[in-house]
$ cat entry-v7.tsv   # TSV, C-alpha atoms and all ligand atoms
chain	number	residue	atom	x	y	z
A	17	MET	CA	119.31	-130.78	-211.58
A	18	ARG	CA	122.97	-131.03	-210.70
A	19	LEU	CA	122.36	-129.54	-207.25
A	20	SER	CA	119.45	-131.80	-206.43
A	21	LEU	CA	121.50	-134.82	-207.49
A	22	ARG	CA	124.22	-133.74	-205.08
A	23	LEU	CA	121.61	-133.30	-202.36
A	24	LEU	CA	120.22	-136.75	-203.06
A	25	LEU	CA	123.71	-138.25	-202.92
A	26	SER	CA	124.53	-136.61	-199.60
A	27	LEU	CA	121.20	-137.76	-198.15
A	28	LEU	CA	121.95	-141.30	-199.29
A	29	LEU	CA	125.41	-141.12	-197.76
A	30	ALA	CA	124.02	-139.85	-194.44
A	31	GLY	CA	121.54	-142.72	-194.44
A	32	ALA	CA	124.31	-145.22	-195.13
A	33	THR	CA	126.42	-143.85	-192.27
A	34	GLN	CA	123.48	-144.13	-189.89
A	35	ALA	CA	122.72	-147.70	-190.96
A	36	CYS	CA	126.38	-148.52	-190.48
A	37	PHE	CA	126.33	-147.17	-186.95
A	38	SER	CA	123.17	-148.97	-185.91
A	39	ASP	CA	124.35	-152.26	-187.47
A	40	ASP	CA	127.60	-152.05	-185.62
A	41	HIS	CA	126.47	-151.44	-182.09
A	42	TRP	CA	126.33	-155.04	-180.87
A	43	ASN	CA	129.76	-156.37	-181.78
A	44	GLY	CA	129.12	-155.84	-185.47
A	45	LYS	CA	125.53	-157.10	-185.34
A	46	HIS	CA	122.24	-155.23	-185.24
A	47	ALA	CA	120.90	-156.75	-181.99
A	48	ALA	CA	122.12	-159.06	-179.21
A	49	VAL	CA	120.61	-162.08	-177.48
A	50	SER	CA	121.86	-163.87	-174.40
A	51	LEU	CA	120.41	-167.24	-173.41
A	52	THR	CA	120.65	-167.96	-169.67
A	53	TYR	CA	119.64	-171.12	-167.79
A	54	ASP	CA	119.30	-171.13	-164.00
A	55	ASP	CA	119.59	-173.65	-161.16
A	56	SER	CA	122.00	-176.36	-162.48
A	57	LEU	CA	119.44	-178.76	-163.96
A	58	HIS	CA	120.07	-182.12	-165.61
A	59	VAL	CA	117.93	-181.01	-168.56
A	60	HIS	CA	120.42	-178.24	-169.33
A	61	LEU	CA	123.09	-180.85	-170.01
A	62	ASP	CA	120.77	-183.43	-171.56
A	63	LYS	CA	118.45	-181.30	-173.72
A	64	VAL	CA	119.65	-177.69	-173.95
A	65	ILE	CA	123.35	-178.23	-174.73
A	66	PRO	CA	122.72	-180.56	-177.72
A	67	THR	CA	120.23	-178.05	-179.20
A	68	LEU	CA	122.65	-175.12	-178.75
A	69	ASP	CA	125.60	-177.12	-180.07
A	70	LYS	CA	123.69	-178.01	-183.21
A	71	HIS	CA	123.72	-174.30	-184.16
A	72	ASP	CA	126.95	-173.39	-182.37
A	73	PHE	CA	125.29	-170.94	-179.98
A	74	LYS	CA	127.04	-170.20	-176.65
A	75	ALA	CA	125.01	-169.55	-173.50
A	76	THR	CA	125.34	-168.89	-169.77
A	77	PHE	CA	124.45	-171.53	-167.19
A	78	TYR	CA	123.86	-170.02	-163.74
A	79	LEU	CA	124.88	-172.84	-161.45
A	80	THR	CA	123.72	-173.36	-157.86
A	81	LEU	CA	126.55	-175.47	-156.54
A	82	ALA	CA	124.69	-177.28	-153.75
A	83	TYR	CA	122.19	-178.71	-156.25
A	84	PRO	CA	123.03	-182.36	-157.08
A	85	PRO	CA	123.34	-182.01	-160.89
A	86	PHE	CA	126.41	-179.82	-160.30
A	87	ALA	CA	128.36	-182.22	-158.06
A	88	GLU	CA	127.18	-185.34	-159.91
A	89	ARG	CA	128.22	-184.14	-163.36
A	90	LEU	CA	131.33	-181.99	-162.81
A	91	ASP	CA	133.18	-183.36	-165.84
A	92	GLU	CA	130.26	-182.53	-168.10
A	93	TRP	CA	130.04	-178.95	-166.81
A	94	ARG	CA	133.81	-178.68	-167.36
A	95	ALA	CA	133.34	-179.81	-170.96
A	96	VAL	CA	130.50	-177.30	-171.40
A	97	ALA	CA	132.82	-174.48	-170.28
A	98	ALA	CA	135.68	-175.74	-172.48
A	99	HIS	CA	133.25	-175.60	-175.39
A	100	GLY	CA	132.72	-171.83	-174.88
A	101	HIS	CA	129.67	-171.62	-172.64
A	102	GLU	CA	129.82	-169.54	-169.46
A	103	LEU	CA	129.43	-171.15	-166.04
A	104	GLY	CA	127.78	-168.31	-164.13
A	105	ASN	CA	127.51	-168.01	-160.36
A	106	HIS	CA	124.02	-168.56	-158.91
A	107	SER	CA	125.37	-169.03	-155.34
A	108	LEU	CA	126.20	-172.11	-153.25
A	109	PHE	CA	122.77	-172.61	-151.63
A	110	HIS	CA	120.30	-170.36	-153.50
A	111	PRO	CA	119.39	-168.18	-150.49
A	112	CYS	CA	116.21	-166.09	-150.94
A	113	ASP	CA	114.37	-163.52	-148.84
A	114	ALA	CA	111.63	-165.44	-147.00
A	115	SER	CA	110.13	-162.31	-145.46
A	116	THR	CA	108.17	-161.40	-148.61
A	117	PRO	CA	104.75	-162.96	-149.47
A	118	GLY	CA	104.77	-166.27	-151.33
A	119	ARG	CA	108.17	-167.31	-150.03
A	120	GLU	CA	106.96	-169.87	-147.48
A	121	TRP	CA	108.94	-172.52	-149.37
A	122	VAL	CA	112.32	-170.95	-148.49
A	123	ASP	CA	114.35	-173.11	-146.08
A	124	PRO	CA	114.87	-171.12	-142.82
A	125	GLU	CA	118.62	-171.91	-143.08
A	126	ARG	CA	118.64	-170.21	-146.50
A	127	ASP	CA	116.53	-167.17	-145.60
A	128	LEU	CA	118.42	-164.18	-146.98
A	129	SER	CA	116.49	-161.78	-144.74
A	130	LYS	CA	118.37	-163.40	-141.81
A	131	TRP	CA	121.81	-163.39	-143.48
A	132	SER	CA	124.32	-160.54	-143.34
A	133	VAL	CA	125.80	-159.06	-146.52
A	134	ALA	CA	129.23	-160.34	-145.38
A	135	ARG	CA	127.95	-163.92	-145.03
A	136	LEU	CA	126.43	-163.81	-148.50
A	137	VAL	CA	129.57	-162.33	-150.10
A	138	ASP	CA	131.70	-165.06	-148.42
A	139	ASN	CA	129.38	-167.66	-149.93
A	140	LEU	CA	129.56	-166.13	-153.40
A	141	LYS	CA	133.36	-165.95	-153.26
A	142	MET	CA	133.53	-169.65	-152.37
A	143	ALA	CA	131.18	-170.42	-155.25
A	144	ASN	CA	133.52	-168.49	-157.57
A	145	THR	CA	136.50	-170.50	-156.28
A	146	ALA	CA	134.67	-173.78	-156.89
A	147	LEU	CA	133.66	-172.65	-160.40
A	148	GLN	CA	137.24	-171.62	-161.14
A	149	ALA	CA	138.35	-175.11	-160.13
A	150	VAL	CA	135.98	-176.45	-162.78
A	151	ASP	CA	136.51	-174.04	-165.69
A	152	GLY	CA	139.81	-172.30	-164.85
A	153	LYS	CA	138.22	-168.87	-165.35
A	154	LYS	CA	138.58	-165.84	-163.11
A	155	GLU	CA	135.87	-163.77	-164.79
A	156	ARG	CA	132.18	-164.55	-164.75
A	157	THR	CA	128.73	-163.06	-164.14
A	158	PHE	CA	126.22	-163.61	-161.35
A	159	ALA	CA	122.45	-164.12	-161.25
A	160	TYR	CA	120.58	-162.96	-158.14
A	161	PRO	CA	118.80	-165.98	-156.59
A	162	CYS	CA	115.04	-165.23	-156.69
A	163	GLY	CA	116.03	-161.81	-158.07
A	164	ASP	CA	116.63	-160.65	-154.47
A	165	MET	CA	119.26	-157.96	-154.08
A	166	SER	CA	119.42	-157.53	-150.31
A	167	ALA	CA	120.59	-159.57	-147.31
A	168	GLY	CA	119.41	-158.79	-143.79
A	169	GLY	CA	117.45	-155.88	-145.25
A	170	GLU	CA	120.59	-154.29	-146.76
A	171	SER	CA	121.43	-154.09	-150.47
A	172	TYR	CA	124.35	-156.36	-151.37
A	173	VAL	CA	124.80	-155.04	-154.91
A	174	GLU	CA	127.81	-152.80	-154.15
A	175	ALA	CA	129.50	-155.52	-152.09
A	176	ILE	CA	129.57	-158.02	-154.99
A	177	LYS	CA	130.88	-155.64	-157.66
A	178	PRO	CA	134.56	-156.58	-157.13
A	179	GLU	CA	133.71	-160.28	-157.59
A	180	PHE	CA	131.88	-160.18	-160.94
A	181	VAL	CA	131.87	-158.58	-164.39
A	182	ALA	CA	128.10	-158.08	-164.15
A	183	ALA	CA	124.90	-159.49	-162.65
A	184	ARG	CA	121.58	-160.45	-164.19
A	185	GLY	CA	118.32	-159.16	-162.74
A	186	ILE	CA	114.77	-160.21	-163.61
A	187	LYS	CA	112.96	-157.17	-165.03
A	188	GLY	CA	111.77	-157.94	-168.58
A	189	ARG	CA	113.04	-155.25	-170.96
A	190	ILE	CA	115.04	-154.92	-174.20
A	191	MET	CA	118.02	-152.57	-173.71
A	192	GLN	CA	120.15	-150.27	-175.81
A	193	PRO	CA	123.89	-150.47	-174.97
A	194	ASP	CA	123.76	-147.29	-172.86
A	195	GLU	CA	120.70	-148.59	-170.98
A	196	VAL	CA	122.42	-151.71	-169.67
A	197	SER	CA	122.81	-151.51	-165.91
A	198	LEU	CA	125.72	-153.93	-165.44
A	199	PHE	CA	124.67	-155.11	-161.96
A	200	ASP	CA	120.98	-155.39	-162.82
A	201	ILE	CA	120.82	-156.56	-166.43
A	202	ASP	CA	117.20	-157.03	-167.45
A	203	SER	CA	115.92	-160.43	-168.54
A	204	TYR	CA	112.68	-162.08	-169.59
A	205	MET	CA	111.79	-165.00	-167.36
A	206	ILE	CA	110.20	-167.65	-169.56
A	207	ASN	CA	107.48	-169.92	-168.19
A	208	GLY	CA	105.05	-171.70	-170.48
A	209	SER	CA	105.34	-169.18	-173.33
A	210	SER	CA	104.20	-169.94	-176.87
A	211	VAL	CA	106.65	-170.09	-179.78
A	212	GLU	CA	104.97	-166.93	-181.15
A	213	GLN	CA	105.64	-165.03	-177.91
A	214	LEU	CA	109.28	-166.14	-177.91
A	215	THR	CA	109.93	-165.23	-181.54
A	216	GLN	CA	108.09	-161.92	-181.07
A	217	LEU	CA	110.67	-161.00	-178.41
A	218	VAL	CA	113.45	-161.75	-180.91
A	219	ASP	CA	111.69	-159.63	-183.56
A	220	ASP	CA	111.30	-156.80	-181.02
A	221	ALA	CA	115.03	-156.93	-180.22
A	222	ILE	CA	115.85	-156.76	-183.95
A	223	ASP	CA	113.35	-153.91	-184.53
A	224	GLN	CA	114.83	-151.94	-181.65
A	225	GLY	CA	118.47	-152.93	-182.24
A	226	GLY	CA	118.62	-153.90	-178.57
A	227	LEU	CA	119.85	-156.55	-176.14
A	228	LEU	CA	117.40	-159.33	-175.23
A	229	VAL	CA	118.22	-161.68	-172.35
A	230	PHE	CA	116.21	-164.89	-171.91
A	231	LEU	CA	115.98	-166.49	-168.46
A	232	PHE	CA	115.06	-170.18	-168.50
A	233	HIS	CA	114.74	-172.76	-165.74
A	234	GLY	CA	113.24	-176.10	-166.77
A	235	VAL	CA	113.36	-177.03	-170.45
A	236	GLY	CA	111.15	-180.04	-171.02
A	237	GLY	CA	110.62	-180.41	-167.24
A	238	GLU	CA	112.60	-180.66	-163.98
A	239	HIS	CA	111.42	-177.27	-162.63
A	240	PRO	CA	108.04	-175.62	-161.88
A	241	LEU	CA	109.09	-172.73	-164.18
A	242	ASN	CA	109.27	-174.54	-167.48
A	243	LEU	CA	109.33	-174.30	-171.26
A	244	ASP	CA	108.53	-177.32	-173.45
A	245	ASN	CA	111.62	-178.72	-175.12
A	246	GLU	CA	110.01	-178.44	-178.59
A	247	LYS	CA	109.29	-174.74	-178.03
A	248	HIS	CA	112.84	-174.14	-176.83
A	249	THR	CA	114.16	-175.90	-179.94
A	250	ALA	CA	111.87	-173.77	-182.13
A	251	LEU	CA	113.27	-170.60	-180.51
A	252	ILE	CA	116.87	-171.69	-181.10
A	253	GLU	CA	116.03	-172.51	-184.73
A	254	TYR	CA	114.46	-169.05	-185.11
A	255	LEU	CA	117.61	-167.45	-183.68
A	256	ASN	CA	119.61	-169.44	-186.22
A	257	LYS	CA	117.36	-168.14	-189.03
A	258	LYS	CA	118.04	-164.56	-187.88
A	259	ARG	CA	121.70	-165.05	-186.98
A	260	ASP	CA	123.00	-162.58	-189.59
A	261	GLN	CA	121.39	-159.79	-187.56
A	262	LEU	CA	122.08	-161.17	-184.09
A	263	TRP	CA	125.03	-161.46	-181.76
A	264	VAL	CA	124.16	-164.46	-179.58
A	265	ALA	CA	126.66	-164.66	-176.72
A	266	PRO	CA	127.14	-165.54	-173.04
A	267	MET	CA	126.41	-162.79	-170.51
A	268	VAL	CA	130.09	-162.33	-169.64
A	269	ASP	CA	130.97	-161.50	-173.26
A	270	ILE	CA	128.07	-159.10	-173.66
A	271	ALA	CA	128.83	-157.38	-170.31
A	272	ASN	CA	132.51	-157.00	-171.21
A	273	TYR	CA	131.53	-155.55	-174.58
A	274	VAL	CA	129.14	-153.03	-172.98
A	275	LYS	CA	131.83	-152.09	-170.43
A	276	LYS	CA	134.48	-151.55	-173.11
A	277	ARG	CA	132.09	-149.61	-175.30
A	278	SER	CA	131.21	-147.21	-172.46
A	279	SER	CA	134.86	-146.78	-171.38
A	280	ASP	CA	135.86	-146.08	-175.03
A	281	ALA	CA	133.11	-143.44	-175.19
A	282	THR	CA	134.37	-141.70	-172.02
A	283	PRO	CA	136.97	-139.06	-172.91
A	301	ZN	ZN	117.46	-169.67	-159.23

$ encode --input "entry-v7.tsv" --output "structure tokens" --more "lines below"
Ligand SMILES: [Zn+2]
Amino acid sequence: MRLSLRLLLSLLLAGATQACFSDDHWNGKHAAVSLTYDDSLHVHLDKVIPTLDKHDFKATFYLTLAYPPFAERLDEWRAVAAHGHELGNHSLFHPCDASTPGREWVDPERDLSKWSVARLVDNLKMANTALQAVDGKKERTFAYPCGDMSAGGESYVEAIKPEFVAARGIKGRIMQPDEVSLFDIDSYMINGSSVEQLTQLVDDAIDQGGLLVFLFHGVGGEHPLNLDNEKHTALIEYLNKKRDQLWVAPMVDIANYVKKRSSDATP
């Protein structure tokens, strides 16, 4: 009896240690969520920010600096950054590879298949300088325009590593900390999803104790890739309901955490 009680106790203790470990692996929370919004849209300032602020969630806004809502509303973007959101780099002109099918819409002047890696990197550095002038920050993450990772047929991933903490890709997957590829962080691109599909992704991240990155464009309009404002609000409210289990943070914070965690683990 005495022995089996001891056995039971040690089993319980082992279980508690394990639970402790898994609860701790996203900055003290069980799972992580990053909300990212691409292409500098008016709706991000007008609809998304008030919804996030209501629940004090911080997100990443991947800004394309040549798009009018950036230049027209600089002071508002500055206030967004001062409030703890990340202004991410989504390039000056949103160049994309026009050589692949379905890319007939790409402006020939912004055809990445005709650019050199050096030209692209110069552009991204200037975008970083402009963003620093707005938010005063030297560290930020990048989002590949159109998810393209090559210029002139050559990968530009290595060339941008000195300029950024990390970069977001577009493959939909929930990641464990050691599965995060810092210069190709997976994300789910949301277009017309139902509230059930969105909350299921959150439940999956919690079940797996993983990192879930959402990629939004239009919220309540302004972009062909769109999510209704009411559905976006429902998702944010669901995140708030689950916030005890979730670390909701901008990409730069999550990437820095993953980096530190892996460097601490290296002897
Ligand atoms: Zn984009």

$ residues_near_ligand --input "entry-v7.tsv" --ligand "ligand ZN 301 (chain A)" --cutoff "9 Å" --atoms "all atoms listed in the file" --output "ChimeraX atom specification"
/A:53-56,78-80,106-107,110,159-163,233

$ closest_residue --input "entry-v7.tsv" --among "A:Glu170, A:Asp260, A:Glu102, A:Glu238" --to "A:Ser50" --atoms "only C-alpha atoms"
A:Glu102

$ closest_residue --input "entry-v7.tsv" --among "A:Asp151, A:Asp138, A:Glu120, A:Asp164" --to "A:Glu92" --atoms "all atoms listed in the file"
A:Asp151

$ atom_distance --input "entry-v7.tsv" --atom1 "atom CA of A:Glu174" --atom2 "atom CA of A:Asp194"
19.9 Å

$ closest_residue --input "entry-v7.tsv" --among "A:Gly168, A:Val235, A:Gly44, A:Tyr254" --to "A:Gln216" --atoms "all atoms listed in the file"
A:Tyr254

$ closest_residue --input "entry-v7.tsv" --among "A:Lys63, A:Lys247, A:Lys130, A:His41" --to "A:Arg277" --atoms "only C-alpha atoms"
A:His41

$ closest_residue --input "entry-v7.tsv" --among "A:Asp113, A:Gln192, A:Ile252, A:Ile201" --to "A:Ser171" --atoms "only C-alpha atoms"
A:Asp113

$ closest_residue --input "entry-v7.tsv" --among "A:Glu155, A:Asp72, A:Glu253, A:Asp127" --to "A:Ala265" --atoms "only C-alpha atoms"
A:Asp72

$ atom_distance --input "entry-v7.tsv" --atom1 "atom CA of A:Gln261" --atom2 "atom CA of A:Leu61"
27.5 Å

$ atom_distance --input "entry-v7.tsv" --atom1 "atom CA of A:Met267" --atom2 "atom CA of A:Thr76"
6.2 Å

$ residues_around --input "entry-v7.tsv" --residues "A:Val196" --least-positions-apart "4" --cutoff "10 Å" --atoms "all atoms listed in the file" --output "JSON, numbers by chain"
{"A": [190, 191, 192, 200, 201, 202, 226, 227, 271, 274, 275]}

$ residues_around --input "entry-v7.tsv" --residues "A:Leu262" --least-positions-apart "6" --cutoff "6 Å" --atoms "only C-alpha atoms" --output "PyMOL selection string"
chain A and resi 45+47-48

$ residues_near_point --input "entry-v7.tsv" --point "(138.0, -164.6, -158.2)" --cutoff "9 Å" --atoms "only C-alpha atoms" --output "list in words"
Lys141, Met142, Asn144, Thr145, Gln148, Lys153, Lys154, Glu155, Arg156, Pro178, Glu179 and Phe180 of chain A

$ residues_around --input "entry-v7.tsv" --residues "A:Gly225" --least-positions-apart "2" --cutoff "6 Å" --atoms "all atoms listed in the file" --output "MDAnalysis selection string"
chainID A and resid 46:47 221:223

$ residues_around --input "entry-v7.tsv" --residues "A:Lys276" --least-positions-apart "4" --cutoff "12 Å" --atoms "all atoms listed in the file" --output "list in words"
Trp42, Asn43, Val181, Pro193, Asp194, Leu198, Asp269, Ile270, Ala271, Asn272, Asp280, Ala281 and Thr282 of chain A

$ residues_near_point --input "entry-v7.tsv" --point "(121.0, -182.5, -164.1)" --cutoff "9 Å" --atoms "only C-alpha atoms" --output "compact mmCIF listing (two decimals) with C-alpha atoms, keeping the file's coordinate frame"
# COMPACT_ATOMS: atom_id res chain seq x y z
CA SER A 56 122.00 -176.36 -162.48
CA LEU A 57 119.44 -178.76 -163.96
CA HIS A 58 120.07 -182.12 -165.61
CA VAL A 59 117.93 -181.01 -168.56
CA HIS A 60 120.42 -178.24 -169.33
CA LEU A 61 123.09 -180.85 -170.01
CA ASP A 62 120.77 -183.43 -171.56
CA TYR A 83 122.19 -178.71 -156.25
CA PRO A 84 123.03 -182.36 -157.08
CA PRO A 85 123.34 -182.01 -160.89
CA PHE A 86 126.41 -179.82 -160.30
CA GLU A 88 127.18 -185.34 -159.91
CA ARG A 89 128.22 -184.14 -163.36
CA GLU A 238 112.60 -180.66 -163.98

$ decode --input "entry-v7.tsv" --residues "stretch 57-120 of chain A" --atoms "C-alpha atoms" --output "CSV table (one decimal), in the first residue's frame"
chain,number,residue,atom,x,y,z
A,57,LEU,CA,-5.2,49.6,-45.7
A,58,HIS,CA,-7.4,52.3,-44.3
A,59,VAL,CA,-9.6,49.6,-42.7
A,60,HIS,CA,-6.7,48.5,-40.5
A,61,LEU,CA,-6.7,51.9,-38.9
A,62,ASP,CA,-10.5,52.4,-39.0
A,63,LYS,CA,-11.8,49.0,-38.1
A,64,VAL,CA,-9.1,46.6,-36.9
A,65,ILE,CA,-7.2,48.9,-34.4
A,66,PRO,CA,-10.4,49.8,-32.4
A,67,THR,CA,-11.3,46.1,-32.1
A,68,LEU,CA,-7.8,45.1,-31.0
A,69,ASP,CA,-7.5,48.0,-28.6
A,70,LYS,CA,-10.8,47.0,-26.9
A,71,HIS,CA,-9.1,43.8,-25.7
A,72,ASP,CA,-5.6,45.2,-25.6
A,73,PHE,CA,-4.2,42.8,-28.2
A,74,LYS,CA,-1.0,43.9,-30.1
A,75,ALA,CA,-0.6,43.0,-33.8
A,76,THR,CA,1.7,43.4,-36.7
A,77,PHE,CA,0.8,45.7,-39.7
A,78,TYR,CA,2.9,44.9,-42.8
A,79,LEU,CA,3.0,48.2,-44.5
A,80,THR,CA,3.6,48.8,-48.2
A,81,LEU,CA,5.0,52.3,-48.2
A,82,ALA,CA,3.9,53.4,-51.7
A,83,TYR,CA,0.3,52.7,-50.9
A,84,PRO,CA,-1.6,55.9,-50.1
A,85,PRO,CA,-3.0,55.0,-46.7
A,86,PHE,CA,0.6,55.0,-45.4
A,87,ALA,CA,1.6,58.5,-46.6
A,88,GLU,CA,-1.8,60.0,-45.9
A,89,ARG,CA,-2.0,58.8,-42.3
A,90,LEU,CA,1.6,58.8,-41.0
A,91,ASP,CA,0.6,60.3,-37.6
A,92,GLU,CA,-1.9,57.5,-37.1
A,93,TRP,CA,0.6,54.8,-37.9
A,94,ARG,CA,3.0,56.5,-35.5
A,95,ALA,CA,0.4,56.4,-32.8
A,96,VAL,CA,-0.3,52.7,-33.6
A,97,ALA,CA,3.4,51.9,-33.1
A,98,ALA,CA,3.6,54.0,-29.9
A,99,HIS,CA,0.7,51.9,-28.6
A,100,GLY,CA,2.7,48.7,-28.9
A,101,HIS,CA,1.8,47.3,-32.4
A,102,GLU,CA,4.6,46.4,-34.8
A,103,LEU,CA,5.0,48.3,-38.1
A,104,GLY,CA,6.3,45.5,-40.3
A,105,ASN,CA,8.1,45.9,-43.6
A,106,HIS,CA,6.1,44.8,-46.7
A,107,SER,CA,8.4,46.7,-49.1
A,108,LEU,CA,8.2,50.1,-50.8
A,109,PHE,CA,6.3,49.0,-54.0
A,110,HIS,CA,5.0,45.5,-53.4
A,111,PRO,CA,7.0,43.8,-56.2
A,112,CYS,CA,5.9,40.3,-57.2
A,113,ASP,CA,7.1,37.7,-59.7
A,114,ALA,CA,5.0,38.2,-62.8
A,115,SER,CA,6.4,35.2,-64.6
A,116,THR,CA,4.2,32.7,-62.8
A,117,PRO,CA,0.6,32.0,-63.9
A,118,GLY,CA,-2.2,34.3,-62.6
A,119,ARG,CA,0.1,37.2,-62.2
A,120,GLU,CA,-1.0,39.2,-65.2
